[in-house]
>>> print(open('target22.cif').read())   # mmCIF, C-alpha atoms and all ligand atoms
data_work
loop_
_atom_site.label_atom_id
_atom_site.label_comp_id
_atom_site.auth_asym_id
_atom_site.auth_seq_id
_atom_site.Cartn_x
_atom_site.Cartn_y
_atom_site.Cartn_z
CA MET A 17 45.51 29.59 -43.69
CA LEU A 18 42.82 31.73 -42.04
CA THR A 19 42.15 31.66 -38.30
CA VAL A 20 39.27 33.73 -36.93
CA ARG A 21 38.85 33.82 -33.16
CA GLY A 22 36.08 35.38 -31.10
CA LEU A 23 35.13 37.78 -33.86
CA SER A 24 32.36 40.22 -32.95
CA LYS A 25 30.78 43.17 -34.69
CA SER A 26 27.97 45.35 -33.39
CA PHE A 27 25.99 48.07 -35.08
CA GLY A 28 24.46 49.94 -32.17
CA GLN A 29 22.13 47.40 -30.54
CA VAL A 30 22.48 44.90 -33.39
CA ARG A 31 25.07 42.21 -32.64
CA ALA A 32 25.77 41.19 -36.21
CA LEU A 33 28.62 38.83 -35.22
CA GLN A 34 28.96 37.21 -31.82
CA ASP A 35 32.16 35.45 -30.90
CA VAL A 36 32.73 33.71 -34.25
CA ASP A 37 35.52 31.16 -34.64
CA LEU A 38 36.39 30.00 -38.15
CA ASP A 39 39.30 28.06 -39.62
CA VAL A 40 40.01 27.78 -43.32
CA SER A 41 42.70 25.44 -44.61
CA GLU A 42 44.78 26.10 -47.68
CA GLY A 43 43.12 24.66 -50.79
CA GLU A 44 39.74 24.31 -49.13
CA ARG A 45 36.42 25.18 -50.77
CA LEU A 46 34.26 26.31 -47.89
CA ALA A 47 30.63 27.43 -48.04
CA LEU A 48 29.33 30.02 -45.62
CA ILE A 49 25.56 29.79 -45.38
CA GLY A 50 22.80 31.15 -43.16
CA PRO A 51 19.48 33.00 -43.40
CA ASN A 52 19.35 36.61 -44.56
CA GLY A 53 20.68 38.93 -41.87
CA SER A 54 22.65 36.17 -40.12
CA GLY A 55 25.96 38.07 -40.45
CA LYS A 56 27.60 36.44 -43.49
CA THR A 57 28.50 39.67 -45.29
CA THR A 58 29.55 41.26 -42.00
CA LEU A 59 31.92 38.33 -41.43
CA PHE A 60 33.48 38.94 -44.86
CA ASN A 61 33.71 42.66 -44.08
CA ALA A 62 35.35 42.12 -40.70
CA VAL A 63 37.79 39.50 -42.01
CA SER A 64 38.81 41.42 -45.13
CA GLY A 65 39.31 44.78 -43.43
CA ALA A 66 36.31 46.47 -45.02
CA MET A 67 35.04 46.99 -41.45
CA ARG A 68 36.78 47.03 -38.09
CA PRO A 69 35.49 44.23 -35.85
CA THR A 70 34.28 45.18 -32.37
CA GLY A 71 36.32 42.33 -30.89
CA GLY A 72 38.32 39.23 -31.72
CA SER A 73 41.20 38.45 -34.04
CA VAL A 74 41.93 37.39 -37.59
CA ARG A 75 45.14 35.66 -38.64
CA PHE A 76 45.99 35.00 -42.29
CA LEU A 77 49.14 33.15 -43.42
CA ASP A 78 50.66 33.44 -39.94
CA ALA A 79 50.18 37.18 -39.58
CA ASP A 80 47.69 39.14 -37.52
CA ILE A 81 45.56 41.06 -40.03
CA THR A 82 42.82 42.15 -37.60
CA ARG A 83 43.48 45.85 -38.00
CA LEU A 84 44.53 45.96 -41.64
CA THR A 85 42.52 47.74 -44.32
CA MET A 86 40.91 45.88 -47.21
CA GLU A 87 43.66 47.19 -49.49
CA GLN A 88 46.33 45.80 -47.16
CA THR A 89 44.68 42.38 -46.81
CA ALA A 90 44.30 42.23 -50.60
CA ARG A 91 48.02 42.86 -51.04
CA ARG A 92 48.64 39.87 -48.75
CA GLY A 93 46.43 37.68 -50.91
CA LEU A 94 43.05 37.83 -49.15
CA VAL A 95 40.64 39.17 -51.76
CA ARG A 96 36.86 39.41 -51.53
CA THR A 97 34.09 40.19 -53.97
CA PHE A 98 30.88 42.03 -53.19
CA GLN A 99 27.27 40.88 -53.16
CA HIS A 100 26.53 43.21 -56.07
CA ASP A 101 28.87 42.96 -58.98
CA ALA A 102 31.66 45.51 -58.99
CA VAL A 103 32.72 46.10 -62.56
CA PHE A 104 33.38 49.44 -64.22
CA PRO A 105 30.34 49.52 -66.53
CA GLY A 106 31.60 52.31 -68.76
CA LEU A 107 34.93 50.62 -69.49
CA ARG A 108 35.65 47.86 -71.96
CA VAL A 109 36.04 44.36 -70.54
CA GLU A 110 39.82 44.41 -71.11
CA GLN A 111 40.16 47.77 -69.35
CA ASN A 112 38.33 46.31 -66.35
CA LEU A 113 41.14 43.77 -66.09
CA GLU A 114 44.09 46.06 -66.90
CA LEU A 115 43.42 48.23 -63.85
CA PRO A 116 43.64 45.48 -61.20
CA LEU A 117 46.58 43.83 -63.01
CA ILE A 118 48.58 46.99 -62.28
CA ARG A 119 47.86 46.41 -58.58
CA ARG A 120 48.73 42.71 -58.70
CA ALA A 121 50.79 41.85 -55.64
CA GLY A 122 52.67 38.95 -54.10
CA ALA A 123 54.85 36.17 -55.43
CA ALA A 124 54.31 34.60 -58.84
CA THR A 125 51.54 32.00 -58.75
CA GLU A 126 49.78 29.77 -61.22
CA LEU A 127 47.13 32.42 -61.64
CA PRO A 128 46.71 34.21 -64.97
CA ALA A 129 48.53 37.53 -64.99
CA ASP A 130 47.52 38.98 -68.33
CA VAL A 131 44.24 40.00 -69.93
CA PRO A 132 43.88 37.13 -72.45
CA SER A 133 44.44 34.42 -69.83
CA LEU A 134 42.06 36.10 -67.37
CA LEU A 135 39.44 36.28 -70.13
CA ASP A 136 40.02 32.61 -70.86
CA LEU A 137 39.64 31.70 -67.18
CA ALA A 138 36.37 33.64 -67.01
CA GLY A 139 35.01 32.20 -70.28
CA LEU A 140 34.99 35.70 -71.77
CA SER A 141 37.45 35.30 -74.64
CA GLY A 142 36.24 37.29 -77.62
CA GLN A 143 34.55 39.91 -75.47
CA ALA A 144 37.65 41.96 -74.58
CA ALA A 145 36.48 45.03 -76.49
CA SER A 146 32.84 44.97 -75.37
CA PRO A 147 31.70 47.62 -72.91
CA ALA A 148 31.31 45.87 -69.55
CA LYS A 149 27.76 47.20 -69.26
CA SER A 150 26.74 45.34 -72.43
CA LEU A 151 27.65 41.91 -71.01
CA PRO A 152 24.85 39.53 -70.03
CA TYR A 153 24.52 39.36 -66.24
CA GLY A 154 26.28 36.01 -65.78
CA ASN A 155 29.26 37.19 -67.84
CA ARG A 156 29.42 40.41 -65.85
CA ARG A 157 29.57 38.46 -62.60
CA ARG A 158 32.43 36.33 -63.92
CA LEU A 159 34.21 39.51 -65.03
CA GLY A 160 33.87 40.75 -61.44
CA ILE A 161 35.54 37.57 -60.22
CA ALA A 162 38.26 37.86 -62.89
CA ILE A 163 38.99 41.38 -61.57
CA ALA A 164 39.51 39.86 -58.12
CA VAL A 165 41.73 37.12 -59.63
CA ALA A 166 43.88 39.77 -61.32
CA LEU A 167 44.93 40.85 -57.81
CA ASN A 168 46.57 37.42 -57.31
CA PRO A 169 44.52 36.04 -54.41
CA ARG A 170 45.58 33.08 -52.27
CA LEU A 171 42.16 33.17 -50.58
CA LEU A 172 39.13 34.40 -52.50
CA MET A 173 35.93 35.25 -50.60
CA LEU A 174 32.84 35.41 -52.82
CA ASP A 175 29.60 36.98 -51.59
CA GLU A 176 26.61 35.31 -53.28
CA PRO A 177 28.27 34.85 -56.68
CA ALA A 178 25.34 32.79 -58.05
CA ALA A 179 22.58 35.19 -56.97
CA GLY A 180 20.36 36.08 -59.92
CA LEU A 181 22.06 33.66 -62.31
CA ASN A 182 20.10 31.21 -64.43
CA GLU A 183 20.99 27.52 -64.55
CA ARG A 184 23.44 27.82 -67.45
CA GLU A 185 25.15 30.86 -65.93
CA THR A 186 25.39 29.09 -62.58
CA HIS A 187 27.08 26.16 -64.30
CA GLU A 188 29.57 28.49 -66.03
CA LEU A 189 30.33 30.09 -62.67
CA LEU A 190 30.87 26.69 -61.10
CA GLU A 191 33.33 25.78 -63.86
CA MET A 192 35.25 29.01 -63.34
CA LEU A 193 35.49 28.46 -59.59
CA GLU A 194 36.62 24.86 -60.11
CA ARG A 195 39.38 26.10 -62.45
CA LEU A 196 40.42 28.64 -59.80
CA SER A 197 40.50 25.97 -57.13
CA ALA A 198 42.62 23.74 -59.38
CA LEU A 199 45.05 26.66 -59.73
CA GLY A 200 45.50 26.66 -55.96
CA VAL A 201 43.12 29.40 -54.83
CA THR A 202 41.35 28.73 -51.54
CA LEU A 203 37.64 29.60 -51.76
CA VAL A 204 35.12 30.78 -49.18
CA VAL A 205 31.71 31.20 -50.79
CA ILE A 206 28.55 32.73 -49.35
CA GLU A 207 25.62 31.16 -51.23
CA HIS A 208 21.97 30.20 -50.82
CA ASP A 209 21.89 27.76 -53.75
CA MET A 210 22.35 24.36 -52.07
CA PRO A 211 22.91 22.28 -55.25
CA PHE A 212 25.62 24.79 -56.22
CA ILE A 213 27.20 24.51 -52.76
CA ALA A 214 27.00 20.73 -52.78
CA ALA A 215 28.73 20.65 -56.18
CA LEU A 216 31.54 23.04 -55.20
CA CYS A 217 32.20 22.77 -51.48
CA GLU A 218 33.36 19.92 -49.25
CA ARG A 219 32.50 21.79 -46.04
CA ALA A 220 29.88 24.29 -44.95
CA VAL A 221 29.71 26.60 -41.95
CA VAL A 222 26.26 27.86 -40.94
CA LEU A 223 25.69 31.23 -39.30
CA ASN A 224 22.49 32.26 -37.53
CA THR A 225 21.99 35.59 -35.75
CA GLY A 226 25.72 36.22 -35.77
CA SER A 227 26.86 32.86 -34.38
CA VAL A 228 28.14 29.63 -35.93
CA ILE A 229 25.42 27.01 -35.38
CA ALA A 230 26.75 24.10 -37.48
CA THR A 231 29.75 22.88 -39.43
CA GLY A 232 29.94 19.80 -41.65
CA THR A 233 29.58 18.60 -45.19
CA PRO A 234 26.81 20.36 -47.15
CA ALA A 235 24.70 17.18 -46.83
CA GLU A 236 25.27 17.04 -43.06
CA VAL A 237 24.40 20.65 -42.31
CA ARG A 238 21.22 20.62 -44.33
CA ARG A 239 19.97 17.66 -42.27
CA ASP A 240 20.91 19.40 -38.99
CA PRO A 241 17.74 20.17 -36.95
CA GLY A 242 19.16 23.48 -35.70
CA VAL A 243 19.91 24.54 -39.27
CA ILE A 244 16.46 23.50 -40.50
CA GLU A 245 14.87 25.50 -37.70
CA ALA A 246 17.00 28.57 -38.47
CA TYR A 247 15.82 28.41 -42.05
CA LEU A 248 12.11 27.83 -41.42
CA GLY A 249 10.25 30.16 -43.72
CA GLY A 250 13.63 31.12 -45.06
CA SER A 251 15.71 30.84 -48.14
CA LEU A 252 17.69 27.58 -48.30
CA VAL A 253 17.20 27.01 -52.02
CA GLY A 254 16.94 23.40 -53.07
CA ALA A 255 17.26 21.96 -49.55
CA HIS A 256 14.67 19.20 -49.63
N1 LIG B 1 26.50 48.79 -42.11
C1 LIG B 1 25.56 48.34 -41.27
N2 LIG B 1 24.95 49.15 -40.39
C2 LIG B 1 24.02 48.67 -39.54
N3 LIG B 1 23.61 47.40 -39.50
C3 LIG B 1 24.17 46.54 -40.35
C4 LIG B 1 25.17 46.95 -41.28
N4 LIG B 1 25.56 45.87 -42.01
C5 LIG B 1 24.83 44.85 -41.55
N5 LIG B 1 23.99 45.23 -40.56
C6 LIG B 1 23.09 44.36 -39.80
O1 LIG B 1 23.83 43.25 -39.36
C7 LIG B 1 23.08 42.04 -39.48
C8 LIG B 1 23.81 41.08 -40.39
O2 LIG B 1 23.80 41.59 -41.72
P1 LIG B 1 24.60 40.91 -42.91
O3 LIG B 1 25.96 40.60 -42.46
O4 LIG B 1 24.45 41.80 -44.10
O5 LIG B 1 23.78 39.55 -43.11
P2 LIG B 1 23.78 38.50 -44.32
O6 LIG B 1 24.90 38.84 -45.24
O7 LIG B 1 23.94 37.17 -43.65
O8 LIG B 1 22.44 38.61 -44.97
C9 LIG B 1 21.70 42.45 -39.98
O9 LIG B 1 20.87 42.63 -38.88
C10 LIG B 1 21.98 43.77 -40.67
O10 LIG B 1 20.83 44.59 -40.65
MG MG B 2 24.90 39.33 -47.25
#
>>> encode(input="target22.cif", output="structure tokens", more="lines below")
Ligand SMILES: Nc1ncnc2c1ncn2[C@@H]1O[C@H](COP(=O)(O)OP(=O)(O)O)[C@@H](O)[C@H]1O
Ligand SMILES: [Mg+2]
Amino acid sequence: MLTVRGLSKSFGQVRALQDVDLDVSEGERLALIGPNGSGKTTLFNAVSGAMRPTGGSVRFLDADITRLTMEQTARRGLVRTFQHDAVFPGLRVEQNLELPLIRRAGAATELPADVPSLLDLAGLSGQAASPAKSLPYGNRRRLGIAIAVALNPRLLMLDEPAAGLNERETHELLEMLERLSALGVTLVVIEHDMPFIAALCERAVVLNTGSVIATGTPAEVRRDPGVIEAYLGGSLVGAH
């Protein structure tokens, strides 16, 4: 579904991505992990069109999308969320969903295409009329994902969706992502929470200083000596 070849991105002297290859199959639930500053968000940016890569190519559903904008990749079904939640705080929850529904693109899918079913998917039924800013943090994050779902993604890229969530909120997020996966959405998830990753993802790709250093099941990569070394003093939550 997604084929990334030789992707590079530099910021002046900083080589944030160096020759990254990545393949994502339709229906997969892939984790993208790596220490802070390893290039995970930059990879999302370069793949989704939020940033132009310095080199390399990105193919999605048999088309070259390397030079498309984020808006154009979203219309083709590649939708990403941001590390910090992107909801319209001053609008009601339902208004947050009405706006992206207008921009919904692509063929009909199993995905909810109206406000009540999006609220149901996100576990937010009953909160349609609340101002988004009044939602507890975990609910606000799921609203942010529901906004992305309203765009009708085939591939959804989530940047640290569980960051800052408590255990119950993390579980609610996991349930939402499992429902999305069951509806046919392919998931690529940047996360530090290893138990969360192990519960959701069958495969993990590990980045370090802009390069892929390991690929395998979550259990395999967290035993990998190169991965353990990359994380020394770092932030691999729950990786004992
Ligand atoms: N817009 C930017 N301008 C300059 N440097 C950046 C920019 N975005 C990221 N970087 C640098 O690129 C590297 C990778 O960052 P990032 O992709 O955000 O890492 P991660 O998401 O894995 O924590 C870091 O060294 C970071 O400082
Ligand atoms: Mg990041």
>>> residues_near_ligand(input="target22.cif", ligand="ligand MG 2 (chain B)", cutoff="12 Å", atoms="all atoms listed in the file", output="PyMOL selection string")
chain A and resi 32+48-61+97-100+174-177+179+205-208+223+226
>>> residues_near_point(input="target22.cif", point="(34.6, 23.9, -46.9)", cutoff="6 Å", atoms="all atoms listed in the file", output="PyMOL selection string")
chain A and resi 44-47+217-220
>>> write_last_selection(input="target22.cif", atoms="C-alpha atoms", output="PDB file, in the frame of the given file")
ATOM      1  CA  GLU A  44      39.740  24.310 -49.130  1.00  0.00           C
ATOM      2  CA  ARG A  45      36.420  25.180 -50.770  1.00  0.00           C
ATOM      3  CA  LEU A  46      34.260  26.310 -47.890  1.00  0.00           C
ATOM      4  CA  ALA A  47      30.630  27.430 -48.040  1.00  0.00           C
ATOM      5  CA  CYS A 217      32.200  22.770 -51.480  1.00  0.00           C
ATOM      6  CA  GLU A 218      33.360  19.920 -49.250  1.00  0.00           C
ATOM      7  CA  ARG A 219      32.500  21.790 -46.040  1.00  0.00           C
ATOM      8  CA  ALA A 220      29.880  24.290 -44.950  1.00  0.00           C
TER       9      ALA A 220
END
>>> atom_distance(input="target22.cif", atom1="atom CA of Arg92 of chain A", atom2="atom CA of Lys25 of chain A")
23.0 Å
>>> residues_around(input="target22.cif", residues="segment 199-202 of chain A", least_positions_apart="3", cutoff="8 Å", atoms="only C-alpha atoms", output="list in words")
Ser41, Glu42, Gly43, Glu44, Arg45, Glu126, Leu127, Pro169, Arg170, Leu171, Leu172, Arg195 and Leu196 of chain A
>>> atom_distance(input="target22.cif", atom1="atom CA of Asp130 of chain A", atom2="atom CA of Leu190 of chain A")
21.9 Å
>>> atom_distance(input="target22.cif", atom1="atom CA of Gln34 of chain A", atom2="atom CA of Leu77 of chain A")
23.6 Å
>>> residues_near_point(input="target22.cif", point="(39.2, 32.6, -37.9)", cutoff="6 Å", atoms="all atoms listed in the file", output="number ranges by chain")
A: 18-21, 37-39, 74
>>> residues_around(input="target22.cif", residues="Asn155 of chain A", least_positions_apart="2", cutoff="10 Å", atoms="only C-alpha atoms", output="number ranges by chain")
A: 138-140, 143, 148, 150-153, 157-161, 181, 185, 188-189
>>> closest_residue(input="target22.cif", among="A:Ser64, A:Thr225, A:Ser141, A:Asn182", to="ligand LIG 1 (chain B)", atoms="all atoms listed in the file")
A:Thr225
>>> closest_residue(input="target22.cif", among="A:Pro241, A:Thr186, A:Met86, A:Ser227", to="Ala215 of chain A", atoms="all atoms listed in the file")
A:Thr186
>>> residues_around(input="target22.cif", residues="Leu113 of chain A", least_positions_apart="2", cutoff="8 Å", atoms="only C-alpha atoms", output="PyMOL selection string")
chain A and resi 109-111+115-117+131+134+162-163+166
>>> decode(input="target22.cif", residues="segment 61-122 of chain A", atoms="C-alpha atoms", output="short mmCIF file (atom, residue, chain, number, x, y, z; two decimals), in the first residue's frame")
data_model
loop_
_atom_site.label_atom_id
_atom_site.label_comp_id
_atom_site.auth_asym_id
_atom_site.auth_seq_id
_atom_site.Cartn_x
_atom_site.Cartn_y
_atom_site.Cartn_z
CA ASN A 61 5.92 14.81 7.49
CA ALA A 62 7.87 13.70 4.44
CA VAL A 63 5.48 10.84 3.62
CA SER A 64 2.28 12.85 4.08
CA GLY A 65 3.41 15.91 2.13
CA ALA A 66 3.67 18.21 5.14
CA MET A 67 7.36 18.60 4.19
CA ARG A 68 9.24 18.04 0.95
CA PRO A 69 11.85 15.30 1.34
CA THR A 70 15.42 16.11 0.31
CA GLY A 71 15.60 12.84 -1.63
CA GLY A 72 13.85 9.55 -2.26
CA SER A 73 10.35 8.53 -3.25
CA VAL A 74 6.98 7.69 -1.76
CA ARG A 75 4.38 5.56 -3.52
CA PHE A 76 0.86 5.11 -2.16
CA LEU A 77 -1.77 2.89 -3.80
CA ASP A 78 0.32 2.60 -6.97
CA ALA A 79 0.85 6.32 -7.46
CA ASP A 80 3.91 8.46 -6.88
CA ILE A 81 2.92 10.93 -4.14
CA THR A 82 6.44 12.22 -3.38
CA ARG A 83 5.70 15.78 -4.40
CA LEU A 84 2.07 16.06 -3.35
CA THR A 85 0.89 18.38 -0.59
CA MET A 86 -0.65 17.08 2.63
CA GLU A 87 -4.07 18.13 1.33
CA GLN A 88 -3.54 16.11 -1.85
CA THR A 89 -2.31 12.99 -0.05
CA ALA A 90 -5.30 13.25 2.32
CA ARG A 91 -7.68 13.30 -0.63
CA ARG A 92 -6.06 10.05 -1.81
CA GLY A 93 -6.65 8.46 1.58
CA LEU A 94 -3.35 9.00 3.40
CA VAL A 95 -4.25 10.95 6.54
CA ARG A 96 -2.01 11.79 9.48
CA THR A 97 -2.58 13.23 12.92
CA PHE A 98 -0.21 15.48 14.81
CA GLN A 99 1.79 14.95 17.99
CA HIS A 100 -0.29 17.62 19.71
CA ASP A 101 -4.00 17.26 19.38
CA ALA A 102 -5.54 19.31 16.61
CA VAL A 103 -9.13 20.04 17.53
CA PHE A 104 -10.92 23.37 17.24
CA PRO A 105 -11.21 24.16 20.97
CA GLY A 106 -13.80 26.90 20.60
CA LEU A 107 -16.21 24.77 18.56
CA ARG A 108 -18.64 22.16 19.80
CA VAL A 109 -17.61 18.52 19.38
CA GLU A 110 -20.14 18.01 16.55
CA GLN A 111 -18.88 21.09 14.70
CA ASN A 112 -15.35 19.69 14.89
CA LEU A 113 -16.63 16.70 12.90
CA GLU A 114 -18.93 18.54 10.47
CA LEU A 115 -16.03 20.50 8.99
CA PRO A 116 -13.89 17.52 7.91
CA LEU A 117 -16.98 15.59 6.76
CA ILE A 118 -17.48 18.30 4.13
CA ARG A 119 -13.98 17.51 2.86
CA ARG A 120 -14.50 13.75 2.90
CA ALA A 121 -13.04 12.28 -0.27
CA GLY A 122 -12.73 8.99 -2.10
#
